[in-house]
Structures are given as C-alpha cells and as structure tokens.
>>> print(open('final.txt').read())   # compact mmCIF, C-alpha atoms and all ligand atoms
# COMPACT_ATOMS: atom_id res chain seq x y z
CA MET A 1 63.08 -4.88 65.40
CA ASN A 2 66.30 -3.32 66.66
CA GLU A 3 66.46 -0.03 68.60
CA THR A 4 68.44 1.56 65.75
CA GLY A 5 67.45 0.90 62.19
CA LEU A 6 69.67 -0.71 59.56
CA THR A 7 70.90 1.10 56.48
CA GLU A 8 69.09 0.63 53.19
CA GLU A 9 71.97 -1.52 51.91
CA GLU A 10 71.81 -3.75 54.99
CA VAL A 11 68.07 -4.20 54.58
CA LEU A 12 68.50 -5.01 50.90
CA VAL A 13 70.96 -7.75 51.86
CA LEU A 14 68.33 -9.23 54.20
CA LEU A 15 65.72 -9.05 51.45
CA ASN A 16 68.02 -10.71 48.94
CA ASN A 17 68.78 -13.48 51.41
CA ALA A 18 65.07 -14.14 51.85
CA LYS A 19 64.48 -13.96 48.09
CA ASP A 20 67.19 -16.58 47.53
CA LYS A 21 65.22 -19.01 49.71
CA ASP A 22 62.02 -18.48 47.70
CA LEU A 23 61.64 -20.82 44.75
CA LYS A 24 61.51 -19.26 41.31
CA TYR A 25 58.46 -20.28 39.27
CA ASP A 26 60.69 -21.86 36.60
CA ARG A 27 60.38 -25.44 37.95
CA VAL A 28 56.99 -24.93 39.60
CA LEU A 29 54.15 -26.95 38.06
CA SER A 30 51.90 -26.85 41.11
CA SER A 31 50.84 -23.22 41.22
CA MET A 32 47.92 -21.31 39.78
CA CYS A 33 49.93 -18.11 40.19
CA THR A 34 52.76 -16.92 37.97
CA TYR A 35 54.99 -13.92 37.34
CA PRO A 36 52.78 -10.88 36.87
CA HIS A 37 53.01 -9.11 33.52
CA LYS A 38 55.69 -6.36 33.56
CA ILE A 39 53.10 -3.62 33.12
CA ALA A 40 51.08 -4.98 36.06
CA ALA A 41 54.18 -4.85 38.29
CA LYS A 42 54.86 -1.23 37.20
CA ALA A 43 51.27 -0.16 37.85
CA HIS A 44 51.32 -1.92 41.24
CA MET A 45 54.39 0.09 42.30
CA GLN A 46 52.76 3.36 41.17
CA PHE A 47 49.60 2.93 43.26
CA MET A 48 50.91 1.32 46.44
CA GLU A 49 49.47 3.95 48.82
CA SER A 50 46.03 3.90 47.22
CA ASN A 51 43.35 2.48 49.55
CA MET A 52 40.13 1.32 47.98
CA GLY A 53 38.60 0.97 51.45
CA ASP A 54 38.09 4.75 51.37
CA PHE A 55 37.92 5.31 47.63
CA GLY A 56 36.52 8.83 47.96
CA LEU A 57 40.17 9.78 48.42
CA PHE A 58 41.28 7.81 45.38
CA GLN A 59 38.78 8.59 42.64
CA GLY A 60 41.28 7.82 39.89
CA THR A 61 41.90 4.31 41.22
CA TYR A 62 38.16 3.87 41.75
CA SER A 63 37.47 4.71 38.11
CA MET A 64 39.97 2.01 37.08
CA GLU A 65 38.14 -0.50 39.29
CA GLN A 66 34.83 0.43 37.65
CA GLU A 67 36.42 -0.04 34.23
CA ILE A 68 37.68 -3.52 35.21
CA ILE A 69 34.18 -4.50 36.34
CA ARG A 70 32.62 -3.14 33.11
CA SER A 71 35.19 -4.93 30.93
CA LEU A 72 34.76 -8.24 32.71
CA GLY A 73 30.97 -7.80 32.52
CA ASN A 74 31.42 -7.40 28.79
CA ILE A 75 33.60 -10.48 28.43
CA LEU A 76 31.23 -12.51 30.63
CA HIS A 77 28.08 -11.28 28.85
CA CYS A 78 26.40 -9.03 31.40
CA SER A 79 25.62 -5.37 30.79
CA SER A 80 24.08 -4.73 34.23
CA ILE A 81 27.23 -5.86 36.04
CA ASN A 82 28.18 -4.91 39.62
CA GLY A 83 31.15 -5.98 41.66
CA TYR A 84 34.50 -5.16 43.17
CA LEU A 85 38.11 -6.30 43.45
CA THR A 86 38.64 -8.83 46.22
CA THR A 87 41.79 -10.41 47.57
CA GLY A 88 41.17 -13.56 45.50
CA GLY A 89 38.90 -16.54 44.99
CA THR A 90 38.41 -17.29 48.67
CA GLU A 91 37.05 -13.83 49.48
CA SER A 92 34.91 -13.76 46.32
CA ASN A 93 33.38 -17.13 47.22
CA ILE A 94 32.76 -16.08 50.84
CA GLN A 95 31.02 -12.89 49.74
CA ALA A 96 28.91 -14.58 47.05
CA ILE A 97 27.62 -17.15 49.56
CA ARG A 98 27.15 -14.48 52.23
CA SER A 99 24.95 -12.56 49.80
CA MET A 100 22.86 -15.70 49.09
CA ARG A 101 22.50 -16.40 52.80
CA ASN A 102 21.57 -12.81 53.68
CA SER A 103 18.89 -12.63 51.00
CA HIS A 104 16.95 -15.45 52.67
CA ARG A 105 15.51 -15.67 56.16
CA ILE A 106 16.26 -19.34 56.70
CA LYS A 107 17.36 -20.54 60.14
CA VAL A 108 19.54 -23.46 58.98
CA PRO A 109 20.49 -22.56 55.40
CA ASN A 110 22.47 -24.82 53.09
CA ILE A 111 24.18 -24.57 49.72
CA VAL A 112 24.97 -27.39 47.32
CA VAL A 113 28.45 -27.46 45.77
CA PRO A 114 30.27 -30.04 43.64
CA GLU A 115 32.60 -32.36 45.52
CA SER A 116 35.36 -30.77 43.41
CA ALA A 117 34.81 -27.34 44.99
CA HIS A 118 37.89 -25.55 46.30
CA PHE A 119 38.62 -25.82 50.03
CA SER A 120 37.47 -22.21 50.44
CA PHE A 121 33.95 -23.72 50.68
CA ASP A 122 34.99 -25.59 53.84
CA LYS A 123 36.07 -22.24 55.28
CA ILE A 124 32.73 -20.79 54.16
CA ALA A 125 30.80 -23.45 56.10
CA ASP A 126 32.67 -22.39 59.23
CA VAL A 127 32.79 -18.60 58.72
CA LEU A 128 29.18 -18.22 57.56
CA ASN A 129 27.75 -21.03 59.68
CA ILE A 130 26.05 -22.54 56.66
CA GLU A 131 25.77 -26.20 55.72
CA VAL A 132 27.80 -27.01 52.60
CA ARG A 133 26.43 -30.12 50.87
CA LYS A 134 28.75 -31.82 48.43
CA ALA A 135 27.36 -33.42 45.28
CA ASN A 136 29.09 -36.42 43.68
CA LEU A 137 31.00 -36.19 40.43
CA ASP A 138 30.43 -38.22 37.28
CA GLU A 139 33.17 -40.25 35.55
CA GLU A 140 34.41 -37.11 33.76
CA LEU A 141 34.76 -35.40 37.16
CA LYS A 142 31.93 -32.96 36.46
CA VAL A 143 29.21 -32.63 39.05
CA SER A 144 26.44 -35.22 38.69
CA MET A 145 23.12 -33.45 38.05
CA GLU A 146 21.26 -36.25 39.76
CA SER A 147 23.32 -35.94 42.93
CA LEU A 148 23.14 -32.12 42.88
CA GLU A 149 19.37 -32.15 42.55
CA SER A 150 18.92 -34.78 45.26
CA LEU A 151 20.68 -32.56 47.82
CA ILE A 152 18.41 -29.53 47.32
CA ASP A 153 15.68 -29.02 49.92
CA GLN A 154 13.55 -26.16 51.28
CA ASN A 155 16.54 -24.78 53.22
CA THR A 156 18.79 -24.53 50.15
CA VAL A 157 19.68 -20.92 49.37
CA GLY A 158 21.89 -21.49 46.36
CA LEU A 159 24.04 -23.67 44.14
CA VAL A 160 27.69 -23.48 43.15
CA ALA A 161 29.23 -24.59 39.86
CA ILE A 162 32.92 -24.70 39.01
CA ALA A 163 34.36 -23.36 35.76
CA GLY A 164 37.85 -24.82 36.01
CA SER A 165 38.15 -27.05 39.05
CA THR A 166 41.27 -26.63 41.15
CA GLU A 167 42.41 -30.24 40.85
CA PHE A 168 41.34 -31.25 37.34
CA GLY A 169 40.52 -28.02 35.48
CA GLN A 170 37.10 -29.47 34.69
CA VAL A 171 34.00 -27.40 33.90
CA ASP A 172 30.64 -28.46 35.37
CA PRO A 173 27.52 -28.71 33.17
CA ILE A 174 26.73 -25.08 33.98
CA ALA A 175 23.98 -24.67 31.33
CA GLU A 176 22.05 -27.53 32.97
CA ILE A 177 22.74 -26.23 36.48
CA SER A 178 21.55 -22.78 35.37
CA LYS A 179 18.26 -24.31 34.16
CA LEU A 180 17.81 -26.05 37.50
CA ALA A 181 18.58 -22.82 39.40
CA VAL A 182 15.95 -20.91 37.39
CA GLU A 183 13.40 -23.70 37.85
CA LYS A 184 13.96 -23.85 41.63
CA ASN A 185 14.45 -20.10 42.02
CA LEU A 186 17.92 -20.54 43.53
CA PHE A 187 21.03 -18.39 43.32
CA LEU A 188 23.85 -19.83 41.23
CA HIS A 189 27.44 -18.79 41.93
CA VAL A 190 30.08 -19.83 39.40
CA ASP A 191 33.60 -20.25 40.77
CA ALA A 192 35.68 -19.28 37.75
CA ALA A 193 38.63 -18.16 39.89
CA PHE A 194 40.98 -20.06 37.59
CA GLY A 195 38.90 -20.65 34.45
CA GLY A 196 37.55 -17.10 34.14
CA PHE A 197 40.67 -15.87 32.37
CA VAL A 198 40.96 -19.07 30.30
CA LEU A 199 37.53 -20.15 28.99
CA PRO A 200 36.58 -16.88 27.22
CA PHE A 201 39.86 -17.02 25.31
CA LEU A 202 39.67 -20.63 24.10
CA PRO A 203 38.44 -21.33 20.56
CA GLU A 204 35.73 -23.69 21.88
CA ASN A 205 32.63 -22.17 23.42
CA ASN A 206 32.27 -23.38 27.00
CA GLU A 207 29.01 -22.04 28.40
CA PHE A 208 29.70 -20.86 31.92
CA ASP A 209 28.96 -17.18 32.32
CA PHE A 210 26.12 -14.64 32.60
CA SER A 211 24.88 -15.63 29.13
CA LEU A 212 23.18 -18.42 31.13
CA PRO A 213 20.13 -16.85 32.79
CA GLY A 214 20.49 -18.72 36.10
CA VAL A 215 24.01 -17.48 36.86
CA THR A 216 23.78 -14.78 39.55
CA SER A 217 27.45 -14.28 40.49
CA ILE A 218 30.94 -15.16 39.27
CA ALA A 219 34.37 -15.26 40.95
CA ILE A 220 37.26 -14.60 38.56
CA ASP A 221 40.88 -14.04 39.61
CA PRO A 222 43.22 -11.69 37.77
CA HIS A 223 46.08 -12.93 40.01
CA LYS A 224 45.88 -16.38 38.43
CA MET A 225 45.60 -16.51 34.60
CA GLY A 226 44.94 -12.74 34.40
CA LEU A 227 48.68 -12.05 34.90
CA SER A 228 48.03 -9.37 37.52
CA THR A 229 49.72 -8.99 40.90
CA ILE A 230 48.59 -10.63 44.15
CA PRO A 231 46.02 -9.85 45.67
CA SER A 232 43.64 -9.52 42.71
CA GLY A 233 40.32 -11.32 42.68
CA VAL A 234 37.03 -10.09 41.26
CA LEU A 235 33.49 -10.78 42.44
CA LEU A 236 30.74 -10.00 39.95
CA PHE A 237 26.96 -9.88 40.46
CA ARG A 238 24.32 -9.73 37.74
CA ASN A 239 21.87 -7.84 40.00
CA VAL A 240 22.75 -4.86 42.14
CA GLU A 241 20.38 -6.08 44.93
CA ASP A 242 22.70 -9.06 45.50
CA LEU A 243 25.52 -6.66 46.25
CA THR A 244 23.33 -4.70 48.66
CA HIS A 245 22.94 -7.80 50.85
CA LEU A 246 26.58 -7.13 51.77
CA LYS A 247 26.12 -3.50 52.77
CA ALA A 248 27.77 -2.00 55.85
CA GLU A 249 27.44 1.65 56.97
CA THR A 250 30.76 3.50 57.11
CA PRO A 251 29.80 6.83 58.71
CA TYR A 252 33.25 8.37 59.10
CA LEU A 253 34.76 7.56 55.69
CA THR A 254 34.53 9.61 52.50
CA ILE A 255 31.97 7.01 51.39
CA ASP A 256 28.76 6.11 53.32
CA THR A 257 28.67 2.38 52.65
CA GLN A 258 30.97 -0.53 51.93
CA TYR A 259 30.06 -3.84 50.29
CA THR A 260 33.47 -5.42 50.70
CA LEU A 261 34.65 -7.94 53.27
CA THR A 262 37.95 -6.22 54.00
CA GLY A 263 38.13 -2.57 54.99
CA THR A 264 41.43 -1.34 53.61
CA ARG A 265 41.89 -2.67 50.08
CA SER A 266 44.78 -2.66 47.64
CA GLY A 267 44.57 0.08 45.02
CA ALA A 268 47.85 -1.30 43.69
CA ALA A 269 46.11 -4.53 42.68
CA VAL A 270 43.38 -2.50 40.96
CA ALA A 271 45.97 -0.52 38.99
CA ALA A 272 47.88 -3.68 38.09
CA THR A 273 44.76 -5.49 36.87
CA TYR A 274 43.57 -2.46 34.91
CA ALA A 275 47.01 -2.01 33.32
CA VAL A 276 47.45 -5.61 32.17
CA MET A 277 43.88 -5.84 30.85
CA GLN A 278 44.30 -2.60 28.89
CA HIS A 279 47.69 -3.70 27.58
CA LEU A 280 46.88 -7.26 26.53
CA GLY A 281 43.32 -6.80 25.31
CA ARG A 282 41.31 -9.87 24.31
CA GLU A 283 43.84 -10.65 21.60
CA GLY A 284 46.70 -10.70 24.12
CA TYR A 285 44.86 -13.03 26.50
CA ARG A 286 43.95 -15.29 23.56
CA GLN A 287 47.67 -15.59 22.82
CA VAL A 288 48.55 -16.32 26.47
CA VAL A 289 45.88 -19.02 26.71
CA SER A 290 46.69 -20.49 23.31
CA ARG A 291 50.37 -20.86 24.28
CA CYS A 292 49.47 -22.51 27.62
CA MET A 293 47.19 -24.93 25.74
CA GLU A 294 49.93 -25.76 23.21
CA LEU A 295 52.27 -26.50 26.11
CA THR A 296 49.57 -28.60 27.77
CA ASP A 297 48.97 -30.59 24.57
CA HIS A 298 52.71 -31.10 24.20
CA LEU A 299 52.96 -32.34 27.79
CA VAL A 300 50.06 -34.77 27.33
CA LYS A 301 51.50 -36.10 24.06
CA SER A 302 54.94 -36.57 25.67
CA VAL A 303 53.68 -38.39 28.77
CA LYS A 304 51.53 -40.68 26.61
CA GLU A 305 54.72 -41.66 24.78
CA ILE A 306 56.16 -42.90 28.10
CA GLY A 307 52.98 -44.78 28.96
CA ILE A 308 51.25 -42.27 31.25
CA ASP A 309 47.69 -41.12 30.57
CA PRO A 310 45.81 -38.08 31.83
CA VAL A 311 42.84 -38.82 34.10
CA ILE A 312 40.60 -36.71 31.81
CA ASP A 313 41.40 -35.03 28.51
CA PRO A 314 42.47 -31.57 29.70
CA VAL A 315 39.83 -28.89 29.21
CA MET A 316 42.27 -26.16 30.18
CA ASN A 317 45.89 -25.91 31.30
CA VAL A 318 45.50 -28.21 34.31
CA VAL A 319 46.53 -31.84 33.86
CA ALA A 320 46.10 -34.76 36.25
CA LEU A 321 48.25 -37.77 35.40
CA ASP A 322 47.31 -41.32 36.25
CA VAL A 323 50.54 -42.57 37.85
CA PRO A 324 51.26 -45.22 40.47
CA HIS A 325 51.95 -43.79 43.98
CA PRO A 326 51.32 -40.11 43.20
CA ALA A 327 52.22 -38.91 46.72
CA GLN A 328 55.62 -40.68 46.73
CA LEU A 329 56.26 -39.54 43.19
CA ARG A 330 55.52 -35.96 44.16
CA SER A 331 58.03 -35.97 47.02
CA LYS A 332 60.65 -37.78 44.93
CA LEU A 333 60.28 -35.20 42.16
CA ALA A 334 60.65 -32.40 44.71
CA LYS A 335 63.58 -33.83 46.69
CA GLU A 336 65.64 -35.49 43.99
CA TYR A 337 64.67 -33.65 40.83
CA LYS A 338 63.72 -30.18 42.17
CA TRP A 339 60.31 -30.07 40.49
CA GLN A 340 57.27 -28.77 42.36
CA VAL A 341 54.14 -30.68 41.42
CA SER A 342 51.01 -31.42 43.40
CA ILE A 343 48.54 -34.26 43.79
CA THR A 344 44.79 -34.73 43.57
CA GLN A 345 42.63 -36.55 46.12
CA LYS A 346 39.90 -38.46 44.29
CA PRO A 347 41.06 -40.08 42.11
CA ALA A 348 44.62 -39.74 43.41
CA ALA A 349 46.83 -38.47 40.59
CA LEU A 350 49.79 -36.21 39.88
CA ARG A 351 48.55 -32.65 39.24
CA LEU A 352 50.28 -30.16 36.96
CA VAL A 353 49.27 -26.59 36.16
CA ILE A 354 50.83 -25.27 32.98
CA MET A 355 51.13 -21.56 33.67
CA PRO A 356 52.59 -18.89 31.36
CA HIS A 357 56.01 -19.23 33.02
CA MET A 358 56.41 -22.70 31.39
CA ASP A 359 58.08 -23.36 28.04
CA PHE A 360 58.57 -26.36 25.73
CA GLU A 361 62.16 -27.03 26.81
CA THR A 362 61.21 -27.09 30.50
CA ILE A 363 58.30 -29.46 29.81
CA ASP A 364 60.68 -31.81 27.96
CA MET A 365 63.13 -31.75 30.89
CA PHE A 366 60.27 -32.44 33.29
CA VAL A 367 58.95 -35.39 31.28
CA ALA A 368 62.44 -36.93 31.10
CA ASP A 369 62.77 -36.66 34.91
CA LEU A 370 59.23 -37.94 35.41
CA GLN A 371 60.05 -41.05 33.39
CA LYS A 372 63.16 -41.71 35.51
CA ALA A 373 61.33 -41.07 38.80
CA VAL A 374 58.44 -43.41 37.84
CA LEU A 375 60.91 -46.20 36.98
CA GLU A 376 62.81 -45.71 40.23
CA LEU A 377 59.61 -46.11 42.23
CA GLN A 378 58.74 -49.46 40.62
N1 LIG A 401 38.47 -21.32 43.52
C1 LIG A 401 39.24 -22.09 42.74
C2 LIG A 401 38.61 -22.88 41.63
C3 LIG A 401 40.62 -22.15 42.98
O1 LIG A 401 41.38 -22.95 42.22
C4 LIG A 401 41.16 -21.39 44.03
C5 LIG A 401 42.63 -21.43 44.36
C6 LIG A 401 40.30 -20.58 44.81
C7 LIG A 401 38.95 -20.58 44.52
C8 LIG A 401 40.81 -19.73 45.93
O2 LIG A 401 41.54 -18.67 45.42
P1 LIG A 401 42.56 -17.84 46.32
O3 LIG A 401 43.67 -18.77 46.68
O4 LIG A 401 42.96 -16.72 45.42
O5 LIG A 401 41.81 -17.37 47.51
N2 LIG A 401 43.37 -22.39 43.71
C9 LIG A 401 44.76 -22.69 43.99
C10 LIG A 401 44.83 -23.84 44.98
O6 LIG A 401 44.33 -23.73 46.10
C11 LIG A 401 45.54 -21.54 44.53
C12 LIG A 401 46.99 -21.73 44.52
C13 LIG A 401 47.79 -20.80 43.92
C14 LIG A 401 47.61 -22.79 45.14
C15 LIG A 401 49.15 -20.92 43.96
C16 LIG A 401 49.00 -22.94 45.16
C17 LIG A 401 49.76 -21.99 44.57
O7 LIG A 401 51.13 -22.10 44.58
O8 LIG A 401 45.33 -24.88 44.57
>>> encode(input="final.txt", output="structure tokens", more="lines below")
Ligand code: 0PR
Amino acid sequence: MNETGLTEEEVLVLLNNAKDKDLKYDRVLSSMCTYPHKIAAKAHMQFMESNMGDFGLFQGTYSMEQEIIRSLGNILHCSSINGYLTTGGTESNIQAIRSMRNSHRIKVPNIVVPESAHFSFDKIADVLNIEVRKANLDEELKVSMESLESLIDQNTVGLVAIAGSTEFGQVDPIAEISKLAVEKNLFLHVDAAFGGFVLPFLPENNEFDFSLPGVTSIAIDPHKMGLSTIPSGVLLFRNVEDLTHLKAETPYLTIDTQYTLTGTRSGAAVAATYAVMQHLGREGYRQVVSRCMELTDHLVKSVKEIGIDPVIDPVMNVVALDVPHPAQLRSKLAKEYKWQVSITQKPAALRLVIMPHMDFETIDMFVADLQKAVLELQ
C-alpha cells in the first residue's frame, strides 16, 4: 500500500489488469463453480455489509437465511429442519463431523467414509483429530457396503455417504447405508455439496435425502449448481440437538450463542442464495439441470463416436473419460488447446464437469480438439 492512495480510475485499471489474467469460465470444464445467476449477483451487491455473525443487527438477512433453510428442508424432505449458511462444502463437512464427534464421549473416535470422499475429509481428520477410515468402492465407483460395514467398530461415531462424488458424480447406495446407520445407531452425514442442487431436479428418483430415516445431516452448496455467489454452502440437520453440539457462548454480541464455525459471515451470500432460489423456483432449477444433462449426453455421445468411453454412465453432469495418459492429455489440452479439464485418481481418467456456462457449440469444439490431442499423444 502506498502512502497516498490512487484515484478510482487508477484502481479500476489495476482491477481490470488482474481480471484479464483470470480465465473466463467459457473453456473451463474442470470447475464445479460457474457464473452466478444475475439476480444472485445483484442481491450480493445489495447486502455486502450484512454480517450474519451478529445477526441481531441484520434481522432482514436472518429471515432470508431461515427461509433458505426451510425451503431446502422442504426439497430434501424434512419438516423439522435446522441449519445455517456456511462458506461451502468443506465447512459443512467439518461441522457435521464435529457435531457427531461432540455428541459422543469416545477417546479415539472414528468415522467411515467412502474412498471417493472429497479431500475435505482429510482436512477433517487433522482439524478434528478424528480417524477417517476409507471404505473401498465397487466397480460402479459406489461405496462397497461390505467394506463400509467391516470398518465400523465400537469407536465409530458416524458414517458419510456421497450424493455426487467430486471425481465421478456417483451416488452411493444411501438407502442401504441409512438402514445400516439406523441398525447400528450411528449418525449419517450425506455430502451432497455438488449433487444437492442436481438430484432433486432430475426426472429419476435418486434416494439420498432426509426421506431416508438414517440421514442425520446434509451438506448442499448453492455456490455450485445452485447458481449463487461464493461463499454459499448450507449445512442441514434433521434434529436440533445435533446443532446444539456446536454451540458457543457469544456474550457480547446481539445474540447469546453461535453454532457456526466462522464468526463473521457473509450476509451477501445469504441474499444471493435467497434471491436465486426465489427467482428460479423448482421449475427453474429443473430447467438448469435438464440442460446440463442434455449437454452431458451430447458430450458422451460425441466422444463415443471418436472411440472414447466414459468410465461409468454419468449419473449427473460429471463425466470421467477413459483415455490413455490422462495427465499428459490434461496438460496438452491446457497448453496447446486452452481447455481446462481435470483428472481423476482411481481409476485415472479425464474429468469433465458440465456446468451451466457450457453450450452445445463449445462441447463440439472441445470434442474436436480432444480427438486431435489424443491422436497427437499416440
Ligand atoms: N464435497 C464435495 C462432494 C465436493 O465436490 C466439494 C468440492 C466439497 C465437498 C468441498 O466444497 P468447497 O470447495 O465448497 O469447500 N468440489 C470441487 C473440487 O474440489 C470444488 C471445486 C470448485 C474445484 C471449483 C475446482 C473448481 O474450479 O473439485
């Protein structure tokens, strides 16, 4: 920072220079984020000073947060819903596991998660000092029930299931896991950070939410397929007691207690999420998801025509392609063809996320370049 400040114009030049170095989403097939809906961006700007860490001062924003929680409870089949807006899937997962851990008095607690769990669970092991046991996947890349069950012991405080895995977009057998959780009296957290704004809007009925009696909490991110602004995650609990395991006294605020991990929290993200949910409605989200699925189907059909198969038939708008040398292909596509794609670990494949910023023409251009890049690597 200089002693004397710059003019607004000078600062805007600096901002534009930085913006020019950022990639636009147009050729990005590796991200679970996208452009926020216009109305979300507007709402975000309107509520930028609003701090949900002391929501006694911001009752209007707080009422919007409550409405988001109620609406999502409705969509995810729970009338007794409790929760709050987090910064995203990582915080929601941390808090869900922290609640499980705090509700038990076990010296060396563990949780069992699918091997496909997001890397936030590795952070959780470290932050919460809890053992995270990873269950094997079956050939469809869903968690194996046999492996999951074999890892449970008397120190297990809960299970995790994924509704839309980060790498493959796969959904675990959550109805079966829910049964097991009820039988063993264990908490069950569903990580629907990505899939939460996809599965309810697909024509097929994928059982993953509170309609399953064993599900105790769900993470769902408006800043991914919800078309809200960053940082918007939501953590939902079926039972209010599970939220109270996260309680902290806040004697000098306008509120007496906080259940959140962060103190100061973005009211702008609350307003943005509320605005886009009100504006799109279920019908609007159905259209967003249906278009992403049409694009995904088109992509899969096109790559099959050039001899490339998906690792699994896509369940949602995440596709992993079985290609030779995925890592080299990824860097070739980035350097020579200016496409951002990512890769999966096990099995190694090329990973594409078909977000709302994609269109048919762009997919066709990508597939043409993919074909060239694959040939060049042979
Ligand atoms: N759970 C699941 C299933 C996820 O896919 C992710 C993130 C998280 C939790 C964590 O969410 P937050 O990142 O909101 O804390 N999945 C993407 C990933 O790690 C996030 C992402 C988004 C990555 C945009 C890249 C990118 O450009 O792959």
>>> residues_around(input="final.txt", residues="segment 285-300 of chain A", least_positions_apart="5", cutoff="10 Å", atoms="all atoms listed in the file", output="number ranges by chain")
A: 197-203, 225-227, 276-277, 279-280, 305, 308-310, 313-321, 352-364, 366-367
>>> axis_aligned_box(input="final.txt", around="ligand LIG 401 (chain A)", padding_each_side="4 Å", output="JSON")
{"center_x": 44.8, "center_y": -20.8, "center_z": 44.6, "size_x": 20.7, "size_y": 16.2, "size_z": 13.9}
>>> residues_near_point(input="final.txt", point="(57.6, -40.4, 44.5)", cutoff="12 Å", atoms="only C-alpha atoms", output="number ranges by chain")
A: 323-337, 339-343, 349-350, 369-378
>>> residues_around(input="final.txt", residues="Pro231 of chain A", least_positions_apart="4", cutoff="10 Å", atoms="all atoms listed in the file", output="VMD selection string")
chain A and resid 85 to 89 221 to 224 265 to 266 268 to 270 272 to 273
>>> closest_residue(input="final.txt", among="A:Leu180, A:Met48, A:Ala193, A:Ile220", to="Ala117 of chain A", atoms="only C-alpha atoms")
A:Ala193
>>> closest_residue(input="final.txt", among="A:Asn82, A:Asn93, A:Asp26, A:Asp122", to="Glu65 of chain A", atoms="all atoms listed in the file")
A:Asn82
>>> residues_near_ligand(input="final.txt", ligand="ligand LIG 401 (chain A)", cutoff="7 Å", atoms="only C-alpha atoms and all ligand atoms", output="mmCIF file with C-alpha atoms, in the frame of the given file")
data_model
loop_
_atom_site.group_PDB
_atom_site.id
_atom_site.type_symbol
_atom_site.label_atom_id
_atom_site.label_comp_id
_atom_site.auth_asym_id
_atom_site.auth_seq_id
_atom_site.Cartn_x
_atom_site.Cartn_y
_atom_site.Cartn_z
ATOM 1 C CA SER A 30 51.900 -26.850 41.110
ATOM 2 C CA SER A 31 50.840 -23.220 41.220
ATOM 3 C CA MET A 32 47.920 -21.310 39.780
ATOM 4 C CA CYS A 33 49.930 -18.110 40.190
ATOM 5 C CA THR A 87 41.790 -10.410 47.570
ATOM 6 C CA GLY A 88 41.170 -13.560 45.500
ATOM 7 C CA GLY A 89 38.900 -16.540 44.990
ATOM 8 C CA THR A 90 38.410 -17.290 48.670
ATOM 9 C CA GLU A 91 37.050 -13.830 49.480
ATOM 10 C CA ALA A 117 34.810 -27.340 44.990
ATOM 11 C CA HIS A 118 37.890 -25.550 46.300
ATOM 12 C CA SER A 120 37.470 -22.210 50.440
ATOM 13 C CA ILE A 162 32.920 -24.700 39.010
ATOM 14 C CA GLY A 164 37.850 -24.820 36.010
ATOM 15 C CA SER A 165 38.150 -27.050 39.050
ATOM 16 C CA THR A 166 41.270 -26.630 41.150
ATOM 17 C CA ASP A 191 33.600 -20.250 40.770
ATOM 18 C CA ALA A 192 35.680 -19.280 37.750
ATOM 19 C CA ALA A 193 38.630 -18.160 39.890
ATOM 20 C CA PHE A 194 40.980 -20.060 37.590
ATOM 21 C CA ASP A 221 40.880 -14.040 39.610
ATOM 22 C CA GLY A 233 40.320 -11.320 42.680
#
>>> atom_distance(input="final.txt", atom1="atom CA of Asn239 of chain A", atom2="atom CA of Phe187 of chain A")
11.1 Å
>>> closest_residue(input="final.txt", among="A:Pro173, A:Gly158, A:Gly195, A:Gly53", to="Thr216 of chain A", atoms="all atoms listed in the file")
A:Gly158
>>> atom_distance(input="final.txt", atom1="atom CA of Asp54 of chain A", atom2="atom CA of Ile97 of chain A")
24.3 Å
>>> residues_around(input="final.txt", residues="segment 140-157 of chain A", least_positions_apart="6", cutoff="6 Å", atoms="all atoms listed in the file", output="MDAnalysis selection string")
chainID A and resid 109:111 114 172
>>> closest_residue(input="final.txt", among="A:Glu115, A:Val182, A:Asn74, A:Ser302", to="Lys346 of chain A", atoms="all atoms listed in the file")
A:Glu115
>>> closest_residue(input="final.txt", among="A:Asp322, A:Glu8, A:Ser211, A:Ser217", to="Arg351 of chain A", atoms="all atoms listed in the file")
A:Asp322
